[in-house]
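The next block holds one structure in the form of structure tokens; read it before the comments.
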Amino acid sequence: MHYIDLRSDTVTRPTAAMRAIMAAAPVGDDVFGDDPTINALEQRVAKFSGKADAILCSSGTQSNLLGLLSHCQRGEEYLVGQEYHTYRYEAGGAAVLGGIVPQPFEVQSDGTLDLNLVEQRIKPDDPHFPITRVLALENTHTGKVIPQSYMQKARELVNRHGLQLHLDGARIANAAVATGSSVAELGQPFDSVSICFSKGLGAPVGSLLCGSEALIAKARRWRKMLGGGMRQAGILAAAIDHSIEHHVERLAEDHANAAQLADLLQDIDAIRVEPQHTNMVYLNLPDTDTAKALADHLMAQQIRVPASQRMRLVTHLDVTAGDIATVSSAIHEFFARRG
Ligand SMILES: *Cc1c(COP(=O)(O)O)cnc(C)c1O
């Protein structure tokens, strides 16, 4: 059964070409440093991100965690957005596993933090307080590209206070394609960058943490401790390599498809469509019952969406321009029937 799945860009399946590359990949024991495909990928992604080194991780949650664990000791603090993935969606791993204290901030409507407030909350050197160590940002956030001028200001702030700057760049490739910048340019202000390849880029598994050689050496020890030392994982590295080669530039199609979907739904009075950003469209529906009924109606036509009142629709590798037209018609049909 073919579904049009707009719940997330994590639902992409490896293409036939990707599977063929995976099957043919030379492999070795990566804990011994023997997997040539992983070694080559880590060097490639280091260059891609503009950093000296990189490490393959099982997920973005793991690569963010390794970043925080490598920057912070127990009893140290990271400054972060309340709605950022590293605070809200990683089960508190930094605190649970690292004894790292979060200091969350409200995220502003453009996806940034109020840097004046961030600066005020940096703790003075006093035994009452945790030691502030890292500012953790995110790009894209809910699909929004964060302006690079803000990232530069954040860099100046951390420089003034001797802090580290981490980027959860799960979808940084979307930001790069949307702005016409390279990932390395967007990553430049940061000491560490986490990049997901299992979202719009279409690999089945994997994120990489990028940073200095010293930072990545620390991350390698933490990864082993967390049970993340993989053996012949070159088959996964091959998929990621393929995604960099073939699936970065085409993210522009996902952005165009999202823009098209947002545009097609504008004329439905019952929906307030938020301005589309990169590969995400948010629909505000009248209430949760309508959201549930709409999700059921779409599911009956093999279209999967989350049944939430503020409904996030995500375009990706497995969604075509034709699918967008199909989804738009199905949503129009639902509201036409309700009158
Ligand atoms: C998906 C995502 C991650 C990582 O999620 P995993 O499922 O652990 O790979 C990190 N940050 C953001 C913003 C994400 O969207």
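Identifiers in this document derive from the order of the structure tokens: chains are assigned A, B, ..., residues are numbered from 1 separately in each chain, and ligands are numbered from 1 in order of occurrence.
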Practice item. Determine, counting only C-alpha atoms, which protein, DNA and RNA residues have an atom within 7 Å of an atom of Asn284 in chain A; residues of the same chain fewer than 5 positions away are not included. Present the result as a PyMOL selection string. Key: chain A and resi 271-273+309-311
Using the selection just defined, write its residues with all heavy atoms as a short mmCIF file (atom, residue, chain, number, x, y, z; two decimals), in the first residue's frame.
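again_27.cif, freshly written:
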```cif
data_model
loop_
_atom_site.label_atom_id
_atom_site.label_comp_id
_atom_site.auth_asym_id
_atom_site.auth_seq_id
_atom_site.Cartn_x
_atom_site.Cartn_y
_atom_site.Cartn_z
N ILE A 271 -9.28 26.90 7.90
CA ILE A 271 -7.87 26.65 8.25
C ILE A 271 -7.11 27.96 8.24
O ILE A 271 -7.25 28.74 7.30
CB ILE A 271 -7.19 25.72 7.22
CG1 ILE A 271 -7.96 24.43 7.02
CG2 ILE A 271 -5.76 25.42 7.63
CD1 ILE A 271 -7.31 23.49 6.02
N ARG A 272 -6.31 28.19 9.28
CA ARG A 272 -5.33 29.27 9.18
C ARG A 272 -3.97 28.62 8.88
O ARG A 272 -3.46 27.83 9.66
CB ARG A 272 -5.25 30.08 10.48
CG ARG A 272 -4.35 31.32 10.33
CD ARG A 272 -4.42 32.22 11.55
NE ARG A 272 -3.92 31.56 12.75
CZ ARG A 272 -2.62 31.37 13.02
NH1 ARG A 272 -1.69 31.75 12.19
NH2 ARG A 272 -2.28 30.76 14.15
N VAL A 273 -3.48 28.91 7.69
CA VAL A 273 -2.21 28.33 7.26
C VAL A 273 -1.08 29.28 7.66
O VAL A 273 -1.09 30.44 7.28
CB VAL A 273 -2.19 28.15 5.72
CG1 VAL A 273 -0.91 27.43 5.28
CG2 VAL A 273 -3.41 27.39 5.24
N GLN A 309 -4.46 19.75 16.39
CA GLN A 309 -5.14 20.99 16.01
C GLN A 309 -4.19 21.93 15.27
O GLN A 309 -4.57 22.57 14.30
CB GLN A 309 -5.71 21.68 17.25
CG GLN A 309 -6.64 22.82 16.89
CD GLN A 309 -7.22 23.48 18.13
OE1 GLN A 309 -7.06 23.02 19.26
NE2 GLN A 309 -7.91 24.58 17.92
N ARG A 310 -2.95 22.03 15.77
CA ARG A 310 -1.91 22.73 15.00
C ARG A 310 -1.15 21.61 14.27
O ARG A 310 -0.27 20.97 14.83
CB ARG A 310 -0.99 23.54 15.91
CG ARG A 310 0.06 24.34 15.15
CD ARG A 310 0.77 25.36 16.05
NE ARG A 310 1.78 26.10 15.31
CZ ARG A 310 3.10 25.93 15.45
NH1 ARG A 310 3.59 25.05 16.32
NH2 ARG A 310 3.94 26.65 14.73
N MET A 311 -1.57 21.38 13.04
CA MET A 311 -1.15 20.18 12.30
C MET A 311 0.10 20.49 11.47
O MET A 311 0.07 21.36 10.61
CB MET A 311 -2.31 19.73 11.41
CG MET A 311 -2.06 18.46 10.66
SD MET A 311 -3.50 18.01 9.62
CE MET A 311 -4.62 17.33 10.84
#
```
Check your understanding: Just asking: which residues within range 166-252 of chain A are strand (DSSP E or B) according to DSSP, as number ranges by chain?
Key -> A: 166-168, 192-196, 207-211
Point to revise | Exercise answer, 7 Å around ligand 1 with only C-alpha atoms and all ligand atoms, as a ChimeraX atom specification | key: /A:59-62,84-86,138,140-141,168-171,196,198,207
**Study point:** Leu115 in chain A environment, 8 Å, only C-alpha atoms, sequence neighbours closer than 2 positions dropped, as a ChimeraX atom specification
**Key:** /A:113,117-119,154,157
For the residues selected in the previous step, produce a file with N, CA, C and O atoms as a compact mmCIF listing (two decimals), in the first residue's frame.
```
# COMPACT_ATOMS: atom_id res chain seq x y z
N LEU A 113 16.52 32.86 20.43
CA LEU A 113 16.42 33.19 21.86
C LEU A 113 16.74 34.67 22.02
O LEU A 113 17.48 35.24 21.20
N LEU A 117 18.64 38.36 27.36
CA LEU A 117 18.20 37.53 28.49
C LEU A 117 19.20 36.38 28.71
O LEU A 117 19.56 36.06 29.86
N VAL A 118 19.64 35.77 27.63
CA VAL A 118 20.62 34.68 27.74
C VAL A 118 21.85 35.19 28.49
O VAL A 118 22.35 34.55 29.43
N GLU A 119 22.31 36.38 28.11
CA GLU A 119 23.52 36.93 28.73
C GLU A 119 23.30 37.19 30.22
O GLU A 119 24.18 36.92 31.04
N ALA A 154 25.41 35.44 18.60
CA ALA A 154 25.54 34.40 19.62
C ALA A 154 27.01 34.03 19.82
O ALA A 154 27.47 33.82 20.94
N LEU A 157 28.65 36.64 21.85
CA LEU A 157 28.25 36.47 23.25
C LEU A 157 29.08 35.37 23.93
O LEU A 157 29.61 35.58 25.02
```
Using only C-alpha atoms, find each residue of range 224-273 of chain A with at least one atom at most 12 Å away from an atom of range 39-52 of chain A; report its shortest atom-to-atom pair and that distance in Å (one decimal), sort the rows by chain and rising residue number, and return the result as JSON lines.
```
{"residue": "A:Gln232", "atom": "CA", "partner": "A:Asn39", "partner_atom": "CA", "distance": 11.5}
{"residue": "A:Ala233", "atom": "CA", "partner": "A:Asn39", "partner_atom": "CA", "distance": 10.6}
{"residue": "A:Gly234", "atom": "CA", "partner": "A:Asn39", "partner_atom": "CA", "distance": 8.6}
{"residue": "A:Ile235", "atom": "CA", "partner": "A:Leu41", "partner_atom": "CA", "distance": 11.1}
{"residue": "A:Leu236", "atom": "CA", "partner": "A:Leu41", "partner_atom": "CA", "distance": 10.0}
{"residue": "A:Ala237", "atom": "CA", "partner": "A:Leu41", "partner_atom": "CA", "distance": 6.2}
{"residue": "A:Ala238", "atom": "CA", "partner": "A:Leu41", "partner_atom": "CA", "distance": 7.7}
{"residue": "A:Ala239", "atom": "CA", "partner": "A:Leu41", "partner_atom": "CA", "distance": 9.9}
{"residue": "A:Ile240", "atom": "CA", "partner": "A:Leu41", "partner_atom": "CA", "distance": 7.8}
{"residue": "A:Asp241", "atom": "CA", "partner": "A:Leu41", "partner_atom": "CA", "distance": 6.2}
{"residue": "A:His242", "atom": "CA", "partner": "A:Leu41", "partner_atom": "CA", "distance": 10.0}
{"residue": "A:Ser243", "atom": "CA", "partner": "A:Leu41", "partner_atom": "CA", "distance": 11.2}
{"residue": "A:Ile244", "atom": "CA", "partner": "A:Val45", "partner_atom": "CA", "distance": 8.7}
{"residue": "A:Glu245", "atom": "CA", "partner": "A:Arg44", "partner_atom": "CA", "distance": 10.7}
{"residue": "A:Val248", "atom": "CA", "partner": "A:Phe48", "partner_atom": "CA", "distance": 11.3}
```
Practice item. Compile the contact shell of Phe129 in chain A as a PyMOL selection string: residues with an atom at most 12 Å away, counting only C-alpha atoms, same-chain residues fewer than 3 positions apart removed. Key: chain A and resi 75-77+101+103+121-126+132-133
Write the residues of the preceding selection, restricted to N, CA and C atoms, as a PDB file, in the first residue's frame.
```pdb
ATOM      1  N   GLY A  75      27.566  19.014  36.757  1.00  0.00           N
ATOM      2  CA  GLY A  75      27.403  20.257  37.526  1.00  0.00           C
ATOM      3  C   GLY A  75      27.585  21.504  36.680  1.00  0.00           C
ATOM      4  N   GLU A  76      27.832  21.306  35.393  1.00  0.00           N
ATOM      5  CA  GLU A  76      27.904  22.459  34.492  1.00  0.00           C
ATOM      6  C   GLU A  76      26.568  22.608  33.762  1.00  0.00           C
ATOM      7  N   GLU A  77      26.419  23.759  33.109  1.00  0.00           N
ATOM      8  CA  GLU A  77      25.093  24.139  32.625  1.00  0.00           C
ATOM      9  C   GLU A  77      25.102  24.422  31.124  1.00  0.00           C
ATOM     10  N   VAL A 101      23.175  20.595  33.761  1.00  0.00           N
ATOM     11  CA  VAL A 101      21.981  21.336  34.181  1.00  0.00           C
ATOM     12  C   VAL A 101      21.449  22.167  33.016  1.00  0.00           C
ATOM     13  N   GLN A 103      19.373  25.269  31.389  1.00  0.00           N
ATOM     14  CA  GLN A 103      18.756  26.576  31.659  1.00  0.00           C
ATOM     15  C   GLN A 103      17.960  26.938  30.420  1.00  0.00           C
ATOM     16  N   ARG A 121      21.453  35.534  32.187  1.00  0.00           N
ATOM     17  CA  ARG A 121      21.323  34.279  32.945  1.00  0.00           C
ATOM     18  C   ARG A 121      22.629  33.508  33.041  1.00  0.00           C
ATOM     19  N   ILE A 122      23.686  33.979  32.413  1.00  0.00           N
ATOM     20  CA  ILE A 122      24.984  33.306  32.561  1.00  0.00           C
ATOM     21  C   ILE A 122      25.403  33.473  34.023  1.00  0.00           C
ATOM     22  N   LYS A 123      25.727  32.359  34.661  1.00  0.00           N
ATOM     23  CA  LYS A 123      25.945  32.407  36.106  1.00  0.00           C
ATOM     24  C   LYS A 123      27.339  32.958  36.439  1.00  0.00           C
ATOM     25  N   PRO A 124      27.392  33.832  37.453  1.00  0.00           N
ATOM     26  CA  PRO A 124      28.710  34.263  37.929  1.00  0.00           C
ATOM     27  C   PRO A 124      29.441  33.088  38.601  1.00  0.00           C
ATOM     28  N   ASP A 125      30.743  33.212  38.715  1.00  0.00           N
ATOM     29  CA  ASP A 125      31.558  32.179  39.369  1.00  0.00           C
ATOM     30  C   ASP A 125      31.320  32.268  40.876  1.00  0.00           C
ATOM     31  N   ASP A 126      30.464  31.409  41.372  1.00  0.00           N
ATOM     32  CA  ASP A 126      30.014  31.466  42.768  1.00  0.00           C
ATOM     33  C   ASP A 126      29.567  30.050  43.109  1.00  0.00           C
ATOM     34  N   THR A 132      28.136  27.825  33.980  1.00  0.00           N
ATOM     35  CA  THR A 132      27.593  27.916  32.623  1.00  0.00           C
ATOM     36  C   THR A 132      28.697  27.575  31.620  1.00  0.00           C
ATOM     37  N   ARG A 133      28.391  26.642  30.707  1.00  0.00           N
ATOM     38  CA  ARG A 133      29.435  26.158  29.798  1.00  0.00           C
ATOM     39  C   ARG A 133      29.090  26.297  28.323  1.00  0.00           C
TER      40      ARG A 133
END
```
Practice item. Please report, as a PyMOL selection string, each residue of range 94-333 of chain A to which DSSP assigns alpha helix (DSSP H) when run on this structure's backbone. Key: chain A and resi 94-98+115-121+148-161+172-179+183-187+213-225+234-246+251-265+288-299+321-333
Just to be explicit: take each residue in the selection above, keep C-alpha atoms, and write the result as a compact mmCIF listing (two decimals), in the first residue's frame.
```txt
# COMPACT_ATOMS: atom_id res chain seq x y z
CA ALA A 94 22.04 15.52 29.27
CA ALA A 95 20.79 15.85 32.85
CA VAL A 96 20.16 12.13 33.43
CA LEU A 97 23.36 10.77 31.91
CA GLY A 98 25.71 13.74 32.20
CA LEU A 115 20.34 36.99 23.62
CA ASN A 116 20.11 39.84 26.18
CA LEU A 117 18.20 37.53 28.49
CA VAL A 118 20.62 34.68 27.74
CA GLU A 119 23.52 36.93 28.73
CA GLN A 120 21.80 37.93 31.97
CA ARG A 121 21.32 34.28 32.95
CA GLN A 148 23.20 33.91 10.27
CA SER A 149 23.58 37.47 11.66
CA TYR A 150 21.94 36.20 14.88
CA MET A 151 24.30 33.21 14.95
CA GLN A 152 27.24 35.64 14.71
CA LYS A 153 25.83 37.63 17.65
CA ALA A 154 25.54 34.40 19.62
CA ARG A 155 29.21 33.69 18.77
CA GLU A 156 30.22 37.12 20.07
CA LEU A 157 28.25 36.47 23.25
CA VAL A 158 29.94 33.13 23.94
CA ASN A 159 33.33 34.68 23.17
CA ARG A 160 32.73 37.42 25.76
CA HIS A 161 32.01 34.77 28.40
CA ILE A 172 20.95 22.35 8.56
CA ALA A 173 21.05 21.08 4.96
CA ASN A 174 17.52 22.46 4.51
CA ALA A 175 18.74 25.82 5.85
CA ALA A 176 21.74 25.72 3.50
CA VAL A 177 19.66 24.96 0.42
CA ALA A 178 17.03 27.56 1.39
CA THR A 179 19.63 30.32 1.84
CA VAL A 183 26.56 23.90 5.49
CA ALA A 184 30.14 24.87 6.39
CA GLU A 185 29.26 28.58 6.23
CA LEU A 186 26.21 28.06 8.44
CA GLY A 187 28.23 25.94 10.85
CA GLU A 213 39.68 16.70 16.82
CA ALA A 214 39.88 17.06 20.60
CA LEU A 215 36.10 17.33 20.97
CA ILE A 216 35.42 14.36 18.69
CA ALA A 217 38.00 12.25 20.58
CA LYS A 218 36.04 12.91 23.79
CA ALA A 219 32.77 12.15 21.97
CA ARG A 220 34.22 8.82 20.81
CA ARG A 221 34.80 7.71 24.41
CA TRP A 222 31.29 8.84 25.44
CA ARG A 223 29.76 7.04 22.45
CA LYS A 224 31.44 3.79 23.50
CA MET A 225 30.24 4.26 27.07
CA GLY A 234 29.89 0.99 6.91
CA ILE A 235 26.66 -0.16 5.29
CA LEU A 236 24.97 2.76 7.10
CA ALA A 237 27.81 5.15 6.30
CA ALA A 238 27.42 4.23 2.62
CA ALA A 239 23.76 5.25 2.75
CA ILE A 240 24.69 8.58 4.33
CA ASP A 241 27.42 9.17 1.77
CA HIS A 242 24.88 8.51 -0.98
CA SER A 243 22.46 10.97 0.65
CA ILE A 244 25.10 13.73 0.59
CA GLU A 245 25.89 12.98 -3.03
CA HIS A 246 22.31 12.82 -4.30
CA LEU A 251 15.74 19.54 -0.81
CA ALA A 252 14.75 22.59 -2.89
CA GLU A 253 11.96 20.40 -4.34
CA ASP A 254 10.66 19.68 -0.82
CA HIS A 255 10.64 23.40 -0.06
CA ALA A 256 8.79 24.15 -3.31
CA ASN A 257 6.29 21.38 -2.54
CA ALA A 258 5.67 22.76 0.96
CA ALA A 259 5.20 26.28 -0.47
CA GLN A 260 2.79 24.89 -3.05
CA LEU A 261 0.77 23.03 -0.39
CA ALA A 262 0.55 26.15 1.81
CA ASP A 263 -0.57 28.14 -1.20
CA LEU A 264 -3.23 25.63 -2.31
CA LEU A 265 -4.81 25.56 1.17
CA THR A 288 -9.15 18.89 17.98
CA ASP A 289 -12.32 17.08 16.82
CA THR A 290 -11.94 18.64 13.37
CA ALA A 291 -8.26 17.68 13.36
CA LYS A 292 -9.10 14.09 14.20
CA ALA A 293 -11.89 13.90 11.61
CA LEU A 294 -9.59 15.39 8.95
CA ALA A 295 -6.82 12.93 9.80
CA ASP A 296 -9.32 10.02 9.54
CA HIS A 297 -10.66 11.33 6.22
CA LEU A 298 -7.12 11.57 4.81
CA MET A 299 -6.10 8.18 6.18
CA ALA A 321 4.46 17.47 -6.61
CA GLY A 322 1.63 15.17 -7.76
CA ASP A 323 1.14 14.02 -4.15
CA ILE A 324 0.77 17.66 -3.08
CA ALA A 325 -2.11 18.11 -5.54
CA THR A 326 -3.71 14.90 -4.23
CA VAL A 327 -3.43 16.05 -0.61
CA SER A 328 -4.82 19.49 -1.41
CA SER A 329 -7.86 17.99 -3.20
CA ALA A 330 -8.52 15.61 -0.30
CA ILE A 331 -8.41 18.45 2.23
CA HIS A 332 -10.65 20.64 0.08
CA GLU A 333 -13.10 17.76 -0.27
```
Review point. Which distance in Å separates CA of Cys57 in chain A and CA of Cys210 in chain A, to one decimal?
Key: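 Separation of CA of Cys57 in chain A and CA of Cys210 in chain A: 10.6 Å.
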